[in-house]
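Next comes upload.cif, with mmCIF, C-alpha atoms.
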data_work
#
loop_
_atom_site.label_atom_id
_atom_site.label_comp_id
_atom_site.auth_asym_id
_atom_site.auth_seq_id
_atom_site.Cartn_x
_atom_site.Cartn_y
_atom_site.Cartn_z
CA MET A 296 -20.92 -10.39 -1.44
CA ASN A 297 -21.37 -9.61 -5.13
CA GLY A 298 -23.55 -6.65 -4.22
CA ARG A 299 -25.86 -8.54 -1.86
CA ASP A 300 -26.20 -7.61 1.81
CA ALA A 301 -25.81 -11.18 3.06
CA ALA A 302 -24.24 -14.19 1.41
CA ALA A 303 -22.19 -17.29 2.22
CA VAL A 304 -18.71 -18.05 0.92
CA SER A 305 -18.41 -21.49 -0.66
CA VAL A 306 -16.07 -24.01 0.96
CA LEU A 307 -14.71 -24.49 -2.59
CA GLU A 308 -13.66 -20.82 -2.86
CA ARG A 309 -10.13 -20.83 -4.32
CA ALA A 310 -9.12 -17.85 -2.18
CA LEU A 311 -9.79 -20.04 0.86
CA HIS A 312 -7.76 -22.96 -0.49
CA TYR A 313 -4.89 -21.16 -2.21
CA GLY A 314 -5.07 -17.45 -1.46
CA ASP A 315 -6.17 -17.11 -5.08
CA GLY A 316 -7.36 -13.52 -5.04
CA LEU A 317 -6.57 -9.93 -4.22
CA PHE A 318 -7.70 -7.36 -1.70
CA GLU A 319 -7.71 -3.64 -1.00
CA THR A 320 -7.90 -2.06 2.46
CA MET A 321 -9.37 1.42 2.11
CA ALA A 322 -9.95 4.43 4.31
CA CYS A 323 -13.50 5.74 4.29
CA VAL A 324 -13.65 9.39 5.40
CA ALA A 325 -16.82 11.51 5.40
CA GLY A 326 -18.73 8.86 3.46
CA ARG A 327 -16.17 8.51 0.66
CA VAL A 328 -13.34 6.09 -0.06
CA ARG A 329 -10.04 7.94 0.00
CA LEU A 330 -7.71 7.36 -2.97
CA LEU A 331 -10.41 5.24 -4.60
CA GLU A 332 -9.05 5.48 -8.14
CA LEU A 333 -5.58 4.36 -7.03
CA HIS A 334 -7.10 1.37 -5.25
CA LEU A 335 -9.11 0.43 -8.34
CA GLU A 336 -6.06 0.77 -10.58
CA ARG A 337 -3.97 -1.50 -8.36
CA LEU A 338 -6.80 -4.02 -8.10
CA ALA A 339 -7.24 -4.12 -11.88
CA ALA A 340 -3.48 -4.57 -12.37
CA GLY A 341 -3.47 -7.42 -9.87
CA CYS A 342 -6.41 -9.11 -11.58
CA GLU A 343 -4.61 -8.90 -14.90
CA ARG A 344 -1.42 -10.34 -13.37
CA LEU A 345 -3.28 -13.31 -11.85
CA GLY A 346 -5.63 -13.81 -14.78
CA ILE A 347 -8.77 -13.10 -12.75
CA GLY A 348 -11.65 -11.39 -14.50
CA ALA A 349 -11.66 -7.88 -13.05
CA PRO A 350 -15.05 -6.55 -11.92
CA ALA A 351 -16.30 -3.50 -13.79
CA SER A 352 -14.98 -0.33 -12.18
CA ASP A 353 -18.43 1.28 -12.20
CA THR A 354 -19.85 -1.72 -10.32
CA LEU A 355 -17.15 -1.45 -7.69
CA ARG A 356 -17.65 2.30 -7.34
CA GLU A 357 -21.38 1.82 -6.77
CA GLU A 358 -20.94 -0.96 -4.24
CA LEU A 359 -18.20 0.84 -2.33
CA ALA A 360 -20.23 4.04 -2.28
CA ALA A 361 -23.16 2.13 -0.74
CA VAL A 362 -20.92 0.60 1.94
CA ALA A 363 -19.26 3.95 2.69
CA ALA A 364 -22.45 6.02 2.78
CA GLY A 365 -23.10 7.72 6.09
CA CYS A 366 -19.77 6.76 7.68
CA SER A 367 -17.69 9.55 9.13
CA ARG A 368 -14.75 7.16 9.38
CA ALA A 369 -14.50 3.46 8.65
CA VAL A 370 -12.20 0.86 7.14
CA ILE A 371 -13.46 -0.94 4.05
CA LYS A 372 -11.88 -4.15 2.80
CA LEU A 373 -12.63 -5.34 -0.71
CA LEU A 374 -11.62 -8.82 -1.85
CA VAL A 375 -11.81 -10.07 -5.42
CA THR A 376 -11.32 -13.83 -5.69
CA ARG A 377 -11.11 -16.26 -8.57
CA GLY A 378 -14.24 -17.90 -7.21
CA GLU A 379 -15.46 -21.42 -6.57
CA ALA A 380 -13.17 -24.23 -7.77
CA GLN A 381 -14.61 -26.36 -10.55
CA ALA A 382 -12.29 -29.28 -9.78
CA ARG A 383 -9.77 -30.24 -7.10
CA GLY A 384 -6.19 -29.06 -7.65
CA TYR A 385 -4.23 -25.95 -8.58
CA ALA A 386 -5.24 -25.87 -12.24
CA VAL A 387 -7.71 -23.20 -13.33
CA SER A 388 -10.54 -24.45 -15.52
CA GLY A 389 -11.52 -21.07 -16.92
CA ALA A 390 -15.13 -21.57 -15.84
CA GLU A 391 -14.65 -20.00 -12.40
CA LYS A 392 -16.78 -16.96 -11.63
CA PRO A 393 -14.94 -14.23 -9.65
CA ASN A 394 -16.45 -13.10 -6.36
CA ARG A 395 -16.49 -9.65 -4.77
CA ILE A 396 -16.52 -9.55 -0.97
CA THR A 397 -16.82 -6.18 0.77
CA LEU A 398 -16.52 -5.68 4.52
CA ARG A 399 -16.73 -2.57 6.70
CA PHE A 400 -14.87 -2.26 10.00
CA PRO A 401 -14.76 0.48 12.65
CA TRP A 402 -11.93 2.98 12.37
CA PRO A 403 -9.12 1.93 14.75
CA ALA A 404 -8.70 3.96 17.93
CA ASP A 405 -6.23 6.77 17.31
CA ASP A 406 -5.40 9.70 19.59
CA GLY A 407 -3.09 11.28 17.01
CA ARG A 408 0.10 10.83 18.98
CA ALA A 409 1.69 8.44 16.48
CA ALA A 410 1.38 11.01 13.68
CA HIS A 411 2.76 13.78 15.88
CA GLU A 412 5.34 12.04 18.08
CA GLY A 413 6.33 9.16 15.80
CA VAL A 414 6.41 5.40 16.27
CA ARG A 415 8.89 2.77 17.40
CA LEU A 416 10.05 0.02 15.01
CA ARG A 417 11.97 -3.22 15.19
CA THR A 418 13.60 -5.33 12.49
CA ALA A 419 11.98 -8.68 11.73
CA ALA A 420 13.93 -11.92 11.73
CA LEU A 421 11.74 -13.25 8.91
CA ARG A 422 12.90 -12.59 5.36
CA LEU A 423 10.49 -12.18 2.45
CA GLY A 424 10.86 -14.51 -0.51
CA GLU A 425 11.63 -12.80 -3.81
CA ASN A 426 9.12 -13.52 -6.58
CA PRO A 427 8.77 -10.87 -9.32
CA ALA A 428 5.57 -12.53 -10.60
CA LEU A 429 3.77 -11.45 -7.41
CA ALA A 430 5.76 -8.32 -6.57
CA GLY A 431 3.78 -5.13 -6.07
CA ILE A 432 0.27 -6.60 -6.05
CA LYS A 433 -1.82 -7.17 -2.92
CA HIS A 434 -2.64 -10.86 -3.27
CA CYS A 435 -4.42 -12.82 -0.56
CA ASN A 436 -1.46 -14.94 0.55
CA ARG A 437 -0.16 -12.96 3.54
CA LEU A 438 1.43 -15.83 5.52
CA GLU A 439 4.84 -14.14 5.56
CA GLN A 440 3.27 -11.08 7.18
CA VAL A 441 1.37 -13.30 9.65
CA LEU A 442 4.63 -14.97 10.71
CA ALA A 443 6.45 -11.65 10.96
CA ARG A 444 3.67 -10.18 13.11
CA ARG A 445 3.96 -13.12 15.52
CA GLU A 446 7.52 -12.11 16.35
CA TRP A 447 6.53 -9.38 18.81
CA ASN A 448 3.76 -8.52 21.22
CA ASP A 449 5.10 -5.32 22.78
CA PRO A 450 2.30 -2.74 22.33
CA GLY A 451 4.93 -0.01 22.29
CA ILE A 452 6.32 -1.31 18.98
CA ALA A 453 4.14 -0.20 16.08
CA GLU A 454 5.72 -2.08 13.22
CA SER A 455 8.51 -4.39 12.09
CA LEU A 456 10.74 -3.78 9.08
CA LEU A 457 11.03 -6.61 6.56
CA TYR A 458 13.99 -7.40 4.36
CA SER A 459 14.03 -9.78 1.40
CA SER A 460 15.93 -13.05 1.20
CA GLY A 461 18.41 -11.09 -0.92
CA GLY A 462 19.05 -8.61 1.90
CA ALA A 463 17.16 -5.58 0.54
CA LEU A 464 14.73 -3.50 2.58
CA VAL A 465 11.15 -4.09 1.43
CA SER A 466 8.51 -2.67 3.80
CA GLY A 467 6.83 -3.09 7.15
CA THR A 468 4.36 -5.89 7.80
CA MET A 469 1.47 -3.56 6.86
CA THR A 470 3.20 -0.38 5.71
CA ASN A 471 5.58 1.01 3.14
CA ILE A 472 8.75 2.70 4.33
CA PHE A 473 10.49 5.92 3.29
CA LEU A 474 13.79 7.26 4.50
CA VAL A 475 15.90 10.33 3.90
CA LYS A 476 19.46 9.63 2.83
CA GLU A 477 21.83 12.56 2.23
CA GLY A 478 18.81 14.83 1.84
CA VAL A 479 17.09 12.61 -0.76
CA LEU A 480 13.78 10.85 -0.15
CA CYS A 481 14.21 7.12 -0.79
CA THR A 482 11.82 4.16 -0.77
CA PRO A 483 12.55 0.52 -1.62
CA ARG A 484 12.11 -0.79 -5.13
CA LEU A 485 9.32 -3.37 -5.14
CA ASP A 486 10.05 -5.31 -8.31
CA ARG A 487 11.05 -8.53 -6.49
CA CYS A 488 8.59 -8.64 -3.59
CA GLY A 489 6.42 -6.42 -1.41
CA VAL A 490 3.19 -4.47 -1.92
CA ALA A 491 3.16 -1.15 -3.77
CA GLY A 492 0.85 0.80 -1.47
CA VAL A 493 -1.56 3.44 -2.72
CA MET A 494 -0.38 5.89 -0.05
CA ARG A 495 3.20 5.23 -1.11
CA ARG A 496 2.18 6.21 -4.64
CA ALA A 497 0.37 9.30 -3.35
CA VAL A 498 3.43 10.40 -1.35
CA LEU A 499 5.74 9.93 -4.33
CA GLY A 500 3.35 12.04 -6.39
CA LEU A 501 3.24 14.69 -3.69
CA ALA A 502 7.03 14.78 -3.49
CA ALA A 503 7.19 15.40 -7.24
CA GLN A 504 4.67 18.26 -6.92
CA LEU A 505 6.76 19.84 -4.16
CA GLY A 506 10.04 19.50 -6.07
CA ILE A 507 11.42 16.98 -3.58
CA THR A 508 13.86 14.54 -5.15
CA ALA A 509 12.61 10.98 -4.57
CA ARG A 510 14.12 7.67 -5.64
CA GLU A 511 13.11 4.03 -5.60
CA GLU A 512 16.26 2.13 -4.66
CA ARG A 513 17.59 -1.13 -3.31
CA LEU A 514 18.37 -0.22 0.28
CA THR A 515 20.61 -2.25 2.57
CA GLN A 516 20.31 -2.60 6.32
CA ALA A 517 23.44 -0.47 6.72
CA GLU A 518 21.80 2.37 4.77
CA VAL A 519 18.66 2.08 6.87
CA GLN A 520 20.68 2.34 10.06
CA GLN A 521 22.27 5.55 8.76
CA ALA A 522 19.01 7.20 7.65
CA GLU A 523 18.52 10.82 8.68
CA GLU A 524 14.71 10.57 8.75
CA MET A 525 12.24 7.73 8.34
CA PHE A 526 8.48 7.40 8.04
CA LEU A 527 5.80 4.80 7.35
CA THR A 528 2.80 5.04 5.05
CA ASN A 529 -0.39 3.14 4.36
CA ALA A 530 -3.93 3.93 3.27
CA LEU A 531 -5.18 4.34 6.83
CA ILE A 532 -2.39 6.12 8.70
CA GLY A 533 -1.18 8.46 5.96
CA ILE A 534 2.33 9.28 7.23
CA HIS A 535 3.72 8.23 10.60
CA PRO A 536 7.25 9.42 11.45
CA VAL A 537 9.64 6.90 12.97
CA ARG A 538 11.15 7.99 16.27
CA GLU A 539 13.03 4.81 17.09
CA LEU A 540 14.39 1.81 15.19
CA ASP A 541 15.91 -1.09 17.12
CA GLY A 542 16.66 1.28 19.99
CA ARG A 543 18.22 4.04 17.84
CA ALA A 544 16.45 7.37 18.23
CA LEU A 545 15.33 9.32 15.15
CA ALA A 546 13.85 12.79 14.96
CA ARG A 547 10.97 13.90 12.76
CA GLY A 548 12.93 15.89 10.23
CA ALA A 549 11.98 18.83 8.08
CA LEU A 550 11.21 16.77 4.97
CA THR A 551 8.90 14.40 6.84
CA ALA A 552 7.15 17.33 8.51
CA ARG A 553 6.64 19.08 5.18
CA LEU A 554 5.10 16.00 3.56
CA GLN A 555 2.82 15.50 6.56
CA GLN A 556 1.71 19.12 6.36
CA GLU A 557 0.95 18.93 2.63
CA LEU A 558 -0.56 15.44 2.49
CA PRO A 559 -4.12 16.41 3.53
CA ARG A 560 -4.27 18.87 0.62
CA ALA A 561 -3.10 16.15 -1.77
CA LEU A 562 -5.81 13.84 -0.42
CA GLY A 563 -8.47 16.49 -0.90
CA ALA A 564 -8.78 17.35 2.80
CA ALA A 565 -8.25 20.62 4.61
CA PRO A 566 -4.57 21.38 5.39
CA ALA A 567 -3.54 20.47 8.92
CA ALA A 568 -3.27 23.44 11.24
CA PRO A 569 -0.11 23.94 13.35
CA GLY A 570 -0.27 21.51 16.25
CA ASP A 571 -3.08 19.47 14.65
CA ARG A 572 -2.42 15.83 15.54
CA ARG A 573 -4.83 14.13 13.17
CA ALA A 574 -3.31 11.33 11.12
#
Could you express the structure from this file as structure tokens?
Amino acid sequence: MNGRDAAAVSVLERALHYGDGLFETMACVAGRVRLLELHLERLAAGCERLGIGAPASDTLREELAAVAAGCSRAVIKLLVTRGEAQARGYAVSGAEKPNRITLRFPWPADDGRAAHEGVRLRTAALRLGENPALAGIKHCNRLEQVLARREWNDPGIAESLLYSSGGALVSGTMTNIFLVKEGVLCTPRLDRCGVAGVMRRAVLGLAAQLGITAREERLTQAEVQQAEEMFLTNALIGIHPVRELDGRALARGALTARLQQELPRALGAAPAAPGDRRA
């Protein structure tokens, strides 16, 4: 916490009371945080949106490098909160001092099959509220995702698709979603709700480099059901093809396969060899 190896979080921490803060979940590979600059950019944008004093980027780089050092693979979570409340209630006094909390977790078990064979999805009953003031940023209030994740416990289902209260596709509970519609790569617009993932941004950039037409659109459930290809992204998994949605089979198409093949190069890793199942 704040660069110290051990520290306590105050019971007056506003992130605890109100979710008044932001976080980044980052992949640490070979002792380095992957897509670090994109994470820092999103964090700074979120701090500006919420009016939280953003930590200096150099400070964050140093602290994250120390946490990542010596790890072949790990998950690092960074939280930036508004800090300890100076008085009871929602109002901000302006005297709060932001806190930085950094945690390191083991890399989740992964045999590579999800990246190679694809994953199964369901559609959530929960609908996300639309609030442009919070759209795109990764704020600490994740109760909608908590409720959506409680809807299923089948280990064979990897993720659940979320739609907004207005009926538009948004994301998964912990992923962004892409689909191919009439040969065009599409991903939901996130100007009303949802989190704009760093891997989503990296994939859109990669598509532009490869000359693949990509669009951010409002996508209906009918369009999703007619998709030719579909895949999920987040900072940890990279790209996972979707092989089934609500019982409808989908194949890993040529566009998904091409993006998977080229993504390691875009991330600064060695290109995947034919048959390589690493995520």
Might you spell out which residues the PyMOL selection byres ((chain A and resi 511-515) around 12) would select in the displayed file, as a PyMOL selection string? chain A and resi 456-466+471-476+479-488+491+495-496+499+508-510+516-522
Hey, can you spit out that residue selection with C-alpha atoms as an mmCIF file, in the frame of the given file?
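File written: again14.cif
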data_model
loop_
_atom_site.group_PDB
_atom_site.id
_atom_site.type_symbol
_atom_site.label_atom_id
_atom_site.label_comp_id
_atom_site.auth_asym_id
_atom_site.auth_seq_id
_atom_site.Cartn_x
_atom_site.Cartn_y
_atom_site.Cartn_z
ATOM 1 C CA LEU A 456 10.740 -3.780 9.080
ATOM 2 C CA LEU A 457 11.030 -6.610 6.560
ATOM 3 C CA TYR A 458 13.990 -7.400 4.360
ATOM 4 C CA SER A 459 14.030 -9.780 1.400
ATOM 5 C CA SER A 460 15.930 -13.050 1.200
ATOM 6 C CA GLY A 461 18.410 -11.090 -0.920
ATOM 7 C CA GLY A 462 19.050 -8.610 1.900
ATOM 8 C CA ALA A 463 17.160 -5.580 0.540
ATOM 9 C CA LEU A 464 14.730 -3.500 2.580
ATOM 10 C CA VAL A 465 11.150 -4.090 1.430
ATOM 11 C CA SER A 466 8.510 -2.670 3.800
ATOM 12 C CA ASN A 471 5.580 1.010 3.140
ATOM 13 C CA ILE A 472 8.750 2.700 4.330
ATOM 14 C CA PHE A 473 10.490 5.920 3.290
ATOM 15 C CA LEU A 474 13.790 7.260 4.500
ATOM 16 C CA VAL A 475 15.900 10.330 3.900
ATOM 17 C CA LYS A 476 19.460 9.630 2.830
ATOM 18 C CA VAL A 479 17.090 12.610 -0.760
ATOM 19 C CA LEU A 480 13.780 10.850 -0.150
ATOM 20 C CA CYS A 481 14.210 7.120 -0.790
ATOM 21 C CA THR A 482 11.820 4.160 -0.770
ATOM 22 C CA PRO A 483 12.550 0.520 -1.620
ATOM 23 C CA ARG A 484 12.110 -0.790 -5.130
ATOM 24 C CA LEU A 485 9.320 -3.370 -5.140
ATOM 25 C CA ASP A 486 10.050 -5.310 -8.310
ATOM 26 C CA ARG A 487 11.050 -8.530 -6.490
ATOM 27 C CA CYS A 488 8.590 -8.640 -3.590
ATOM 28 C CA ALA A 491 3.160 -1.150 -3.770
ATOM 29 C CA ARG A 495 3.200 5.230 -1.110
ATOM 30 C CA ARG A 496 2.180 6.210 -4.640
ATOM 31 C CA LEU A 499 5.740 9.930 -4.330
ATOM 32 C CA THR A 508 13.860 14.540 -5.150
ATOM 33 C CA ALA A 509 12.610 10.980 -4.570
ATOM 34 C CA ARG A 510 14.120 7.670 -5.640
ATOM 35 C CA GLN A 516 20.310 -2.600 6.320
ATOM 36 C CA ALA A 517 23.440 -0.470 6.720
ATOM 37 C CA GLU A 518 21.800 2.370 4.770
ATOM 38 C CA VAL A 519 18.660 2.080 6.870
ATOM 39 C CA GLN A 520 20.680 2.340 10.060
ATOM 40 C CA GLN A 521 22.270 5.550 8.760
ATOM 41 C CA ALA A 522 19.010 7.200 7.650
#
Apply the PyMOL selection byres ((chain A and resi 320) around 8) to the displayed file and report the matching residues as a PDB file with C-alpha atoms, in the coordinates of the input.
ATOM      1  CA  PHE A 318      -7.700  -7.360  -1.700  1.00  0.00           C
ATOM      2  CA  GLU A 319      -7.710  -3.640  -1.000  1.00  0.00           C
ATOM      3  CA  MET A 321      -9.370   1.420   2.110  1.00  0.00           C
ATOM      4  CA  ALA A 322      -9.950   4.430   4.310  1.00  0.00           C
ATOM      5  CA  VAL A 370     -12.200   0.860   7.140  1.00  0.00           C
ATOM      6  CA  ILE A 371     -13.460  -0.940   4.050  1.00  0.00           C
ATOM      7  CA  LYS A 372     -11.880  -4.150   2.800  1.00  0.00           C
ATOM      8  CA  LEU A 373     -12.630  -5.340  -0.710  1.00  0.00           C
ATOM      9  CA  ALA A 530      -3.930   3.930   3.270  1.00  0.00           C
TER      10      ALA A 530
END
For this file, the PyMOL selection byres ((chain A and resi 399) around 12) selects which residues, as a list in words? Asp300, Glu319, Thr320, Met321, Ala322, Cys323, Val328, Glu358, Leu359, Ala360, Ala361, Val362, Ala363, Ala364, Cys366, Arg368, Ala369, Val370, Ile371, Lys372, Leu373, Leu374, Ile396, Thr397, Leu398, Phe400, Pro401, Trp402 and Pro403 of chain A
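Coordinates place atom CA of A:Arg337 at a distance of 19.5 Å from atom CA of A:Asn297.
Atom to atom, atom CA of A:Arg299 and atom CA of A:Glu379 stand 17.2 Å apart.
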Could you give me the centre and size, in Å to one decimal, of an axis-aligned box around all listed atoms of stretch 555-565 of chain A with 5 Å added on every side, as lines of an AutoDock Vina configuration file?
center_x = -3.0
center_y = 17.2
center_z = 2.4
size_x = 21.6
size_y = 16.8
size_z = 18.3
Counting only C-alpha atoms, which of A:Gly489, A:Pro450, A:Gly407, A:Gly384 gets nearest to A:Gly431? A:Gly489
Expressed in Å to a single decimal, how great is the separation between atom CA of A:Ser352 and atom CA of A:Gln381? 26.1 Å
Set the distance at 10 Å and use all atoms listed in the file: which residues neighbour A:Leu442 once local chain neighbours fewer than 2 positions away are removed? I'd like the list as a list of chain:residue names. A:Ala419, A:Ala420, A:Leu421, A:Arg437, A:Leu438, A:Glu439, A:Gln440, A:Arg444, A:Arg445, A:Glu446, A:Thr468
